[in-house]
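Visitor: Next comes protein11.pdb, PDB, C-alpha atoms:
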```
MODEL        1
ATOM      1  CA  MET A  18      89.615  49.343 -36.078  1.00  0.00           C
ATOM      2  CA  LEU A  19      87.401  52.112 -37.451  1.00  0.00           C
ATOM      3  CA  LYS A  20      84.368  49.849 -37.286  1.00  0.00           C
ATOM      4  CA  SER A  21      85.138  48.994 -33.627  1.00  0.00           C
ATOM      5  CA  LEU A  22      85.338  52.680 -32.663  1.00  0.00           C
ATOM      6  CA  THR A  23      82.056  53.375 -34.436  1.00  0.00           C
ATOM      7  CA  VAL A  24      80.321  50.569 -32.532  1.00  0.00           C
ATOM      8  CA  LEU A  25      81.668  51.846 -29.181  1.00  0.00           C
ATOM      9  CA  GLN A  26      80.455  55.359 -29.944  1.00  0.00           C
ATOM     10  CA  LEU A  27      76.979  54.090 -30.749  1.00  0.00           C
ATOM     11  CA  LEU A  28      76.874  52.045 -27.550  1.00  0.00           C
ATOM     12  CA  GLY A  29      77.960  55.047 -25.496  1.00  0.00           C
ATOM     13  CA  ARG A  30      75.240  57.221 -27.015  1.00  0.00           C
ATOM     14  CA  ALA A  31      72.641  54.520 -26.406  1.00  0.00           C
ATOM     15  CA  ALA A  32      73.673  54.309 -22.755  1.00  0.00           C
ATOM     16  CA  CYS A  33      72.899  58.005 -22.350  1.00  0.00           C
ATOM     17  CA  PHE A  34      69.262  57.297 -23.162  1.00  0.00           C
ATOM     18  CA  ALA A  35      68.971  54.014 -21.230  1.00  0.00           C
ATOM     19  CA  PRO A  36      66.257  54.118 -18.549  1.00  0.00           C
ATOM     20  CA  LEU A  37      67.397  54.636 -14.956  1.00  0.00           C
ATOM     21  CA  ARG A  38      67.033  51.631 -12.633  1.00  0.00           C
ATOM     22  CA  PHE A  39      64.988  52.053  -9.501  1.00  0.00           C
ATOM     23  CA  GLY A  40      64.381  49.459  -6.827  1.00  0.00           C
ATOM     24  CA  PRO A  41      65.726  47.936  -3.619  1.00  0.00           C
ATOM     25  CA  ALA A  42      69.068  47.074  -5.188  1.00  0.00           C
ATOM     26  CA  ALA A  43      69.637  50.650  -6.324  1.00  0.00           C
ATOM     27  CA  VAL A  44      68.654  51.987  -2.892  1.00  0.00           C
ATOM     28  CA  ARG A  45      71.065  49.672  -1.140  1.00  0.00           C
ATOM     29  CA  GLN A  46      73.887  50.851  -3.325  1.00  0.00           C
ATOM     30  CA  THR A  47      73.254  54.599  -3.404  1.00  0.00           C
ATOM     31  CA  GLY A  48      71.638  55.536  -0.082  1.00  0.00           C
ATOM     32  CA  PRO A  49      71.094  54.507   3.536  1.00  0.00           C
ATOM     33  CA  ILE A  50      68.615  51.778   4.355  1.00  0.00           C
ATOM     34  CA  MET A  51      65.484  53.243   5.921  1.00  0.00           C
ATOM     35  CA  SER A  52      63.393  51.435   8.509  1.00  0.00           C
ATOM     36  CA  ALA A  53      59.608  51.438   8.722  1.00  0.00           C
ATOM     37  CA  ALA A  54      60.049  52.379  12.395  1.00  0.00           C
ATOM     38  CA  ASP A  55      61.841  55.649  11.611  1.00  0.00           C
ATOM     39  CA  GLY A  56      60.031  58.472  13.370  1.00  0.00           C
ATOM     40  CA  MET A  57      58.323  56.266  15.958  1.00  0.00           C
ATOM     41  CA  GLU A  58      58.544  57.106  19.636  1.00  0.00           C
ATOM     42  CA  GLY A  59      61.180  55.200  21.562  1.00  0.00           C
ATOM     43  CA  ALA A  60      64.461  56.195  19.911  1.00  0.00           C
ATOM     44  CA  ALA A  61      66.455  58.282  22.397  1.00  0.00           C
ATOM     45  CA  HIS A  62      69.937  58.901  23.782  1.00  0.00           C
ATOM     46  CA  GLU A  63      70.664  55.196  24.251  1.00  0.00           C
ATOM     47  CA  THR A  64      70.637  54.559  20.509  1.00  0.00           C
ATOM     48  CA  GLY A  65      71.721  57.971  19.306  1.00  0.00           C
ATOM     49  CA  PHE A  66      68.123  58.945  18.538  1.00  0.00           C
ATOM     50  CA  THR A  67      68.017  56.319  15.771  1.00  0.00           C
ATOM     51  CA  VAL A  68      65.999  53.128  15.471  1.00  0.00           C
ATOM     52  CA  TRP A  69      67.810  50.051  16.810  1.00  0.00           C
ATOM     53  CA  ASP A  70      66.441  47.145  14.807  1.00  0.00           C
ATOM     54  CA  PRO A  71      69.353  44.927  13.704  1.00  0.00           C
ATOM     55  CA  LEU A  72      67.044  42.095  12.576  1.00  0.00           C
ATOM     56  CA  GLY A  73      64.784  44.358  10.538  1.00  0.00           C
ATOM     57  CA  LEU A  74      61.652  43.231  12.364  1.00  0.00           C
ATOM     58  CA  ALA A  75      59.935  46.565  11.702  1.00  0.00           C
ATOM     59  CA  ASP A  76      59.980  45.816   7.971  1.00  0.00           C
ATOM     60  CA  LEU A  77      58.431  42.354   8.126  1.00  0.00           C
ATOM     61  CA  GLY A  78      54.913  43.462   7.243  1.00  0.00           C
ATOM     62  CA  SER A  79      52.505  46.330   6.735  1.00  0.00           C
ATOM     63  CA  PRO A  80      51.994  49.421   8.921  1.00  0.00           C
ATOM     64  CA  ALA A  81      49.321  47.413  10.755  1.00  0.00           C
ATOM     65  CA  THR A  82      51.958  44.790  11.579  1.00  0.00           C
ATOM     66  CA  LEU A  83      54.257  47.470  12.973  1.00  0.00           C
ATOM     67  CA  ALA A  84      51.372  48.849  15.054  1.00  0.00           C
ATOM     68  CA  PHE A  85      50.782  45.339  16.421  1.00  0.00           C
ATOM     69  CA  PHE A  86      54.461  45.063  17.387  1.00  0.00           C
ATOM     70  CA  ARG A  87      54.391  48.406  19.213  1.00  0.00           C
ATOM     71  CA  HIS A  88      51.135  47.546  21.002  1.00  0.00           C
ATOM     72  CA  ALA A  89      52.643  44.207  22.080  1.00  0.00           C
ATOM     73  CA  GLU A  90      55.769  45.983  23.329  1.00  0.00           C
ATOM     74  CA  LEU A  91      53.701  48.407  25.413  1.00  0.00           C
ATOM     75  CA  LYS A  92      51.492  45.632  26.756  1.00  0.00           C
ATOM     76  CA  HIS A  93      54.464  43.510  27.823  1.00  0.00           C
ATOM     77  CA  SER A  94      56.156  46.600  29.246  1.00  0.00           C
ATOM     78  CA  ARG A  95      53.185  47.381  31.481  1.00  0.00           C
ATOM     79  CA  VAL A  96      52.827  43.781  32.616  1.00  0.00           C
ATOM     80  CA  CYS A  97      56.522  43.545  33.442  1.00  0.00           C
ATOM     81  CA  MET A  98      56.560  46.846  35.336  1.00  0.00           C
ATOM     82  CA  ALA A  99      53.707  45.549  37.474  1.00  0.00           C
ATOM     83  CA  ALA A 100      55.424  42.178  37.823  1.00  0.00           C
ATOM     84  CA  PHE A 101      58.723  43.700  38.929  1.00  0.00           C
ATOM     85  CA  VAL A 102      57.017  45.811  41.593  1.00  0.00           C
ATOM     86  CA  GLY A 103      55.089  42.703  42.644  1.00  0.00           C
ATOM     87  CA  TRP A 104      58.332  40.757  42.912  1.00  0.00           C
ATOM     88  CA  LEU A 105      59.840  43.445  45.156  1.00  0.00           C
ATOM     89  CA  VAL A 106      56.780  43.380  47.401  1.00  0.00           C
ATOM     90  CA  ALA A 107      56.779  39.591  47.524  1.00  0.00           C
ATOM     91  CA  VAL A 108      60.423  39.256  48.577  1.00  0.00           C
ATOM     92  CA  SER A 109      60.107  42.079  51.125  1.00  0.00           C
ATOM     93  CA  GLY A 110      57.535  40.158  53.163  1.00  0.00           C
ATOM     94  CA  ILE A 111      54.893  42.882  52.905  1.00  0.00           C
ATOM     95  CA  HIS A 112      51.405  41.376  52.852  1.00  0.00           C
ATOM     96  CA  PHE A 113      47.755  42.015  53.627  1.00  0.00           C
ATOM     97  CA  PRO A 114      46.312  40.835  56.943  1.00  0.00           C
ATOM     98  CA  GLY A 115      43.848  37.983  57.180  1.00  0.00           C
ATOM     99  CA  LEU A 116      43.034  35.093  54.868  1.00  0.00           C
ATOM    100  CA  VAL A 117      43.383  34.950  51.115  1.00  0.00           C
ATOM    101  CA  SER A 118      41.053  31.922  51.038  1.00  0.00           C
ATOM    102  CA  PHE A 119      38.446  31.338  53.735  1.00  0.00           C
ATOM    103  CA  SER A 120      37.458  27.933  52.349  1.00  0.00           C
ATOM    104  CA  GLU A 121      41.012  26.550  52.343  1.00  0.00           C
ATOM    105  CA  GLY A 122      42.376  28.546  55.278  1.00  0.00           C
ATOM    106  CA  VAL A 123      45.306  30.055  53.346  1.00  0.00           C
ATOM    107  CA  SER A 124      46.487  33.362  54.809  1.00  0.00           C
ATOM    108  CA  PHE A 125      48.461  36.168  53.231  1.00  0.00           C
ATOM    109  CA  GLU A 126      51.111  35.631  55.880  1.00  0.00           C
ATOM    110  CA  ASP A 127      51.514  32.002  54.790  1.00  0.00           C
ATOM    111  CA  LEU A 128      52.109  33.103  51.206  1.00  0.00           C
ATOM    112  CA  SER A 129      54.588  35.827  52.220  1.00  0.00           C
ATOM    113  CA  LYS A 130      56.977  33.162  53.538  1.00  0.00           C
ATOM    114  CA  LEU A 131      57.387  31.666  50.059  1.00  0.00           C
ATOM    115  CA  SER A 132      59.324  32.842  47.008  1.00  0.00           C
ATOM    116  CA  PRO A 133      57.331  34.856  44.445  1.00  0.00           C
ATOM    117  CA  LEU A 134      56.520  32.013  42.060  1.00  0.00           C
ATOM    118  CA  GLU A 135      55.906  29.583  44.918  1.00  0.00           C
ATOM    119  CA  GLN A 136      53.322  32.076  46.195  1.00  0.00           C
ATOM    120  CA  TRP A 137      51.443  31.684  42.918  1.00  0.00           C
ATOM    121  CA  SER A 138      51.641  27.897  43.132  1.00  0.00           C
ATOM    122  CA  ALA A 139      50.247  27.969  46.682  1.00  0.00           C
ATOM    123  CA  LEU A 140      47.342  30.214  45.730  1.00  0.00           C
ATOM    124  CA  PRO A 141      44.028  28.293  45.612  1.00  0.00           C
ATOM    125  CA  ALA A 142      42.781  27.449  42.118  1.00  0.00           C
ATOM    126  CA  LEU A 143      39.707  29.670  42.478  1.00  0.00           C
ATOM    127  CA  GLY A 144      41.916  32.663  43.282  1.00  0.00           C
ATOM    128  CA  LYS A 145      44.062  31.978  40.205  1.00  0.00           C
ATOM    129  CA  ALA A 146      40.932  31.734  38.071  1.00  0.00           C
ATOM    130  CA  GLN A 147      39.678  35.109  39.338  1.00  0.00           C
ATOM    131  CA  ILE A 148      42.983  36.793  38.495  1.00  0.00           C
ATOM    132  CA  LEU A 149      43.120  35.264  35.014  1.00  0.00           C
ATOM    133  CA  LEU A 150      39.482  36.169  34.393  1.00  0.00           C
ATOM    134  CA  ALA A 151      40.144  39.806  35.287  1.00  0.00           C
ATOM    135  CA  ILE A 152      43.115  39.849  32.893  1.00  0.00           C
ATOM    136  CA  GLY A 153      40.967  38.302  30.168  1.00  0.00           C
ATOM    137  CA  ILE A 154      38.234  40.919  30.590  1.00  0.00           C
ATOM    138  CA  ILE A 155      40.746  43.779  30.322  1.00  0.00           C
ATOM    139  CA  GLU A 156      42.310  42.140  27.264  1.00  0.00           C
ATOM    140  CA  HIS A 157      38.938  41.657  25.581  1.00  0.00           C
ATOM    141  CA  GLN A 158      37.811  45.210  26.247  1.00  0.00           C
ATOM    142  CA  SER A 159      41.089  46.700  25.018  1.00  0.00           C
ATOM    143  CA  GLU A 160      40.865  44.736  21.754  1.00  0.00           C
ATOM    144  CA  TRP A 161      37.172  45.145  20.930  1.00  0.00           C
ATOM    145  CA  LYS A 162      35.831  48.237  22.690  1.00  0.00           C
ATOM    146  CA  ILE A 163      38.381  50.907  21.775  1.00  0.00           C
ATOM    147  CA  LYS A 164      37.744  52.483  18.381  1.00  0.00           C
ATOM    148  CA  PRO A 165      39.561  52.962  16.096  1.00  0.00           C
ATOM    149  CA  HIS A 166      41.515  49.765  16.677  1.00  0.00           C
ATOM    150  CA  TYR A 167      45.228  50.314  17.202  1.00  0.00           C
ATOM    151  CA  MET A 168      45.997  48.454  13.946  1.00  0.00           C
ATOM    152  CA  ALA A 169      43.494  50.518  11.934  1.00  0.00           C
ATOM    153  CA  PRO A 170      44.109  53.966  10.401  1.00  0.00           C
ATOM    154  CA  GLY A 171      43.859  56.590  13.132  1.00  0.00           C
ATOM    155  CA  GLY A 172      44.439  54.087  15.925  1.00  0.00           C
ATOM    156  CA  GLN A 173      47.225  54.443  18.464  1.00  0.00           C
ATOM    157  CA  PRO A 174      49.062  51.418  19.896  1.00  0.00           C
ATOM    158  CA  GLY A 175      48.858  51.230  23.676  1.00  0.00           C
ATOM    159  CA  ARG A 176      46.064  53.787  23.956  1.00  0.00           C
ATOM    160  CA  LEU A 177      43.503  52.684  26.549  1.00  0.00           C
ATOM    161  CA  THR A 178      41.675  55.933  27.150  1.00  0.00           C
ATOM    162  CA  GLY A 179      38.494  54.275  25.854  1.00  0.00           C
ATOM    163  CA  LEU A 180      38.426  52.179  29.038  1.00  0.00           C
ATOM    164  CA  LYS A 181      37.557  55.170  31.195  1.00  0.00           C
ATOM    165  CA  SER A 182      36.877  53.137  34.338  1.00  0.00           C
ATOM    166  CA  PHE A 183      40.288  51.440  34.045  1.00  0.00           C
ATOM    167  CA  TRP A 184      42.690  53.868  32.380  1.00  0.00           C
ATOM    168  CA  ASP A 185      44.001  56.601  34.690  1.00  0.00           C
ATOM    169  CA  PRO A 186      41.017  56.707  37.078  1.00  0.00           C
ATOM    170  CA  VAL A 187      42.795  59.317  39.230  1.00  0.00           C
ATOM    171  CA  GLY A 188      43.293  61.660  36.253  1.00  0.00           C
ATOM    172  CA  PHE A 189      47.073  62.084  36.274  1.00  0.00           C
ATOM    173  CA  THR A 190      47.217  62.671  32.512  1.00  0.00           C
ATOM    174  CA  ALA A 191      44.117  64.861  32.203  1.00  0.00           C
ATOM    175  CA  LYS A 192      45.929  68.189  32.658  1.00  0.00           C
ATOM    176  CA  MET A 193      49.235  67.331  30.985  1.00  0.00           C
ATOM    177  CA  SER A 194      50.370  69.305  27.952  1.00  0.00           C
ATOM    178  CA  PRO A 195      51.052  67.461  24.679  1.00  0.00           C
ATOM    179  CA  GLU A 196      54.794  67.882  25.278  1.00  0.00           C
ATOM    180  CA  LYS A 197      54.521  66.409  28.777  1.00  0.00           C
ATOM    181  CA  LEU A 198      52.451  63.486  27.491  1.00  0.00           C
ATOM    182  CA  GLU A 199      55.040  62.788  24.799  1.00  0.00           C
ATOM    183  CA  ARG A 200      57.797  62.717  27.410  1.00  0.00           C
ATOM    184  CA  GLN A 201      55.729  60.436  29.654  1.00  0.00           C
ATOM    185  CA  ARG A 202      55.123  58.021  26.775  1.00  0.00           C
ATOM    186  CA  LEU A 203      58.867  57.865  26.161  1.00  0.00           C
ATOM    187  CA  CYS A 204      59.456  57.258  29.874  1.00  0.00           C
ATOM    188  CA  GLU A 205      56.919  54.445  29.789  1.00  0.00           C
ATOM    189  CA  LEU A 206      58.725  52.767  26.892  1.00  0.00           C
ATOM    190  CA  LYS A 207      62.120  53.095  28.570  1.00  0.00           C
ATOM    191  CA  ASN A 208      60.939  51.869  31.964  1.00  0.00           C
ATOM    192  CA  GLY A 209      58.980  49.070  30.340  1.00  0.00           C
ATOM    193  CA  ARG A 210      61.989  47.815  28.404  1.00  0.00           C
ATOM    194  CA  ALA A 211      64.072  47.901  31.578  1.00  0.00           C
ATOM    195  CA  ALA A 212      61.317  46.039  33.461  1.00  0.00           C
ATOM    196  CA  MET A 213      61.184  43.284  30.828  1.00  0.00           C
ATOM    197  CA  LEU A 214      64.895  42.694  31.356  1.00  0.00           C
ATOM    198  CA  GLY A 215      64.542  43.118  35.113  1.00  0.00           C
ATOM    199  CA  ILE A 216      61.769  40.606  35.765  1.00  0.00           C
ATOM    200  CA  VAL A 217      63.512  37.921  33.696  1.00  0.00           C
ATOM    201  CA  SER A 218      66.770  38.659  35.520  1.00  0.00           C
ATOM    202  CA  VAL A 219      65.390  38.307  39.043  1.00  0.00           C
ATOM    203  CA  LEU A 220      63.560  35.083  38.149  1.00  0.00           C
ATOM    204  CA  ILE A 221      66.650  33.359  36.792  1.00  0.00           C
ATOM    205  CA  ALA A 222      69.239  34.952  39.111  1.00  0.00           C
ATOM    206  CA  ASN A 223      69.285  32.210  41.746  1.00  0.00           C
ATOM    207  CA  ASN A 224      69.216  29.328  39.232  1.00  0.00           C
ATOM    208  CA  ILE A 225      71.998  30.687  37.001  1.00  0.00           C
ATOM    209  CA  PRO A 226      74.846  31.642  39.380  1.00  0.00           C
ATOM    210  CA  GLY A 227      76.638  34.830  38.398  1.00  0.00           C
ATOM    211  CA  SER A 228      74.016  35.878  35.841  1.00  0.00           C
ATOM    212  CA  ILE A 229      73.219  39.032  37.838  1.00  0.00           C
ATOM    213  CA  PRO A 230      76.484  40.616  39.090  1.00  0.00           C
ATOM    214  CA  VAL A 231      75.054  42.415  42.118  1.00  0.00           C
ATOM    215  CA  PRO A 232      75.541  41.500  45.813  1.00  0.00           C
ATOM    216  CA  ILE A 233      71.925  40.519  46.502  1.00  0.00           C
ATOM    217  CA  ALA A 234      70.729  37.266  48.052  1.00  0.00           C
ATOM    218  CA  PHE A 235      68.051  36.313  45.549  1.00  0.00           C
ATOM    219  CA  PRO A 236      65.382  33.967  46.952  1.00  0.00           C
ATOM    220  CA  THR A 237      65.514  30.310  46.053  1.00  0.00           C
ATOM    221  CA  GLY A 238      62.735  28.803  44.000  1.00  0.00           C
ATOM    222  CA  PRO A 239      61.744  27.907  40.439  1.00  0.00           C
ATOM    223  CA  SER A 240      62.185  30.272  37.517  1.00  0.00           C
ATOM    224  CA  PHE A 241      59.003  29.052  35.864  1.00  0.00           C
ATOM    225  CA  VAL A 242      55.758  27.504  37.089  1.00  0.00           C
ATOM    226  CA  LEU A 243      52.595  26.262  35.402  1.00  0.00           C
ATOM    227  CA  PRO A 244      49.504  28.456  35.752  1.00  0.00           C
ATOM    228  CA  PHE A 245      47.545  25.659  37.476  1.00  0.00           C
TER     229      PHE A 245
ENDMDL
END
```
Is it possible to express this structure as structure tokens?
Guide:
Amino acid sequence: MLKSLTVLQLLGRAACFAPLRFGPAAVRQTGPIMSAADGMEGAAHETGFTVWDPLGLADLGSPATLAFFRHAELKHSRVCMAAFVGWLVAVSGIHFPGLVSFSEGVSFEDLSKLSPLEQWSALPALGKAQILLAIGIIEHQSEWKIKPHYMAPGGQPGRLTGLKSFWDPVGFTAKMSPEKLERQRLCELKNGRAAMLGIVSVLIANNIPGSIPVPIAFPTGPSFVLPF
């Protein structure tokens, strides 16, 4: 019995000098899990000013990966905001006068009678190519002309001020204070996220009955079309 007590005392003393364990397991047990996206713009009242990332996508890679994700979010947000406004214009019947294609005799009025995606399908191939080419030029310039790159140190995702002939040509942001610009960036993220949900909703609304619980007669037509 005396020998057993002596051994226990020695083990207890040795434990006092055992090195502390650090690592992911210890963090999970003793403190809250931190996200790589903590401190980024975008967390507001809707999520209690905390990052909402249940799948942990922000922690999949390096800071450059996270910058790529944010740039992609902003890019899709801007496209969807434009698309949603375009959808509203298309279903309202508002259109330019005259012909959209002189060679094929297609008028803007002819297109306005179709649903939004059917309007794209009815657009002549040359017109589609011009639109896609313009998008490609903007994409190329935003990826290669702006320095530093948004994934590099010092870069800022979504920043297009380097494209001076394209970004804010009217100068709305030129005289804004840093606080106002920060608020506008948050507004852009919020409206962009809503637009991503909105454009998908209006495209599927007529083909999935009851998916959008609002009393609106959504136009008939496909939810998806091929580019050509």
Visitor: Translate the PyMOL selection byres ((chain A and resi 59-64) around 10), as applied to the file shown, into an explicit residue set as a list in words.
Guide: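 When the PyMOL selection byres ((chain A and resi 59-64) around 10) is applied, the selected residues are Ala54, Asp55, Gly56, Met57, Glu58, Gly65, Phe66, Thr67, Val68, Trp69, Arg87, Arg202, Leu203, Cys204, Glu205, Leu206 and Lys207 of chain A.
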Visitor: So what does the PyMOL selection byres ((chain A and resi 175) around 7) actually pick up in this one, as a ChimeraX atom specification?
Guide: /A:88,91-92,173-174,176-177
Visitor: To one decimal place, how far is atom CA of A:Ala107 from atom CA of A:Gln201 in Å?
Guide: 27.5 Å
Visitor: From the list A:Pro170, A:Ile229, A:Gly122, A:Val242, which residue is nearest A:Leu214 when using only C-alpha atoms?
Guide: A:Ile229
Visitor: Contacts of A:Glu156 at 12 Å or less, counting only C-alpha atoms, minus same-chain residues fewer than 3 places along, as a list in words?
Guide: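 Those residues are Ala89, Lys92, Val96, Leu149, Leu150, Ala151, Ile152, Gly153, Ser159, Glu160, Trp161, Lys162, Ile163, Gly175, Leu177, Leu180 and Phe183 of chain A.
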Visitor: Could you list the residues chosen by the PyMOL selection byres ((chain A and resi 53) around 8) in this structure as a ChimeraX atom specification?
Guide: /A:51-52,54-55,75-76,80,83
Visitor: Give me a file of those residues, with C-alpha atoms, as a PDB file, in the coordinates of the input.
Guide:
```pdb
ATOM      1  CA  MET A  51      65.484  53.243   5.921  1.00  0.00           C
ATOM      2  CA  SER A  52      63.393  51.435   8.509  1.00  0.00           C
ATOM      3  CA  ALA A  54      60.049  52.379  12.395  1.00  0.00           C
ATOM      4  CA  ASP A  55      61.841  55.649  11.611  1.00  0.00           C
ATOM      5  CA  ALA A  75      59.935  46.565  11.702  1.00  0.00           C
ATOM      6  CA  ASP A  76      59.980  45.816   7.971  1.00  0.00           C
ATOM      7  CA  PRO A  80      51.994  49.421   8.921  1.00  0.00           C
ATOM      8  CA  LEU A  83      54.257  47.470  12.973  1.00  0.00           C
TER       9      LEU A  83
END
```
Visitor: Considering all atoms listed in the file, state which residue in the set A:Leu77, A:Ala99, A:Ala169, A:Leu143 is at the smallest distance from A:Phe119.
Guide: A:Leu143
Visitor: Between atom CA of A:Phe235 and atom CA of A:Ala146, what is the distance, to one decimal in Å?
Guide: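 Pair atom CA of A:Phe235 / atom CA of A:Ala146 returns 28.5 Å.
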Visitor: A:Ser120, A:Gly110, A:Phe85, A:Asn223: which is nearest A:Gly144, counting all atoms listed in the file?
Guide: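 With all atoms listed in the file as the atom set, the closest residue is A:Ser120.
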Visitor: How far is it from atom CA of A:Ser94 to atom CA of A:Arg210, in Å with one decimal?
Guide: 6.0 Å
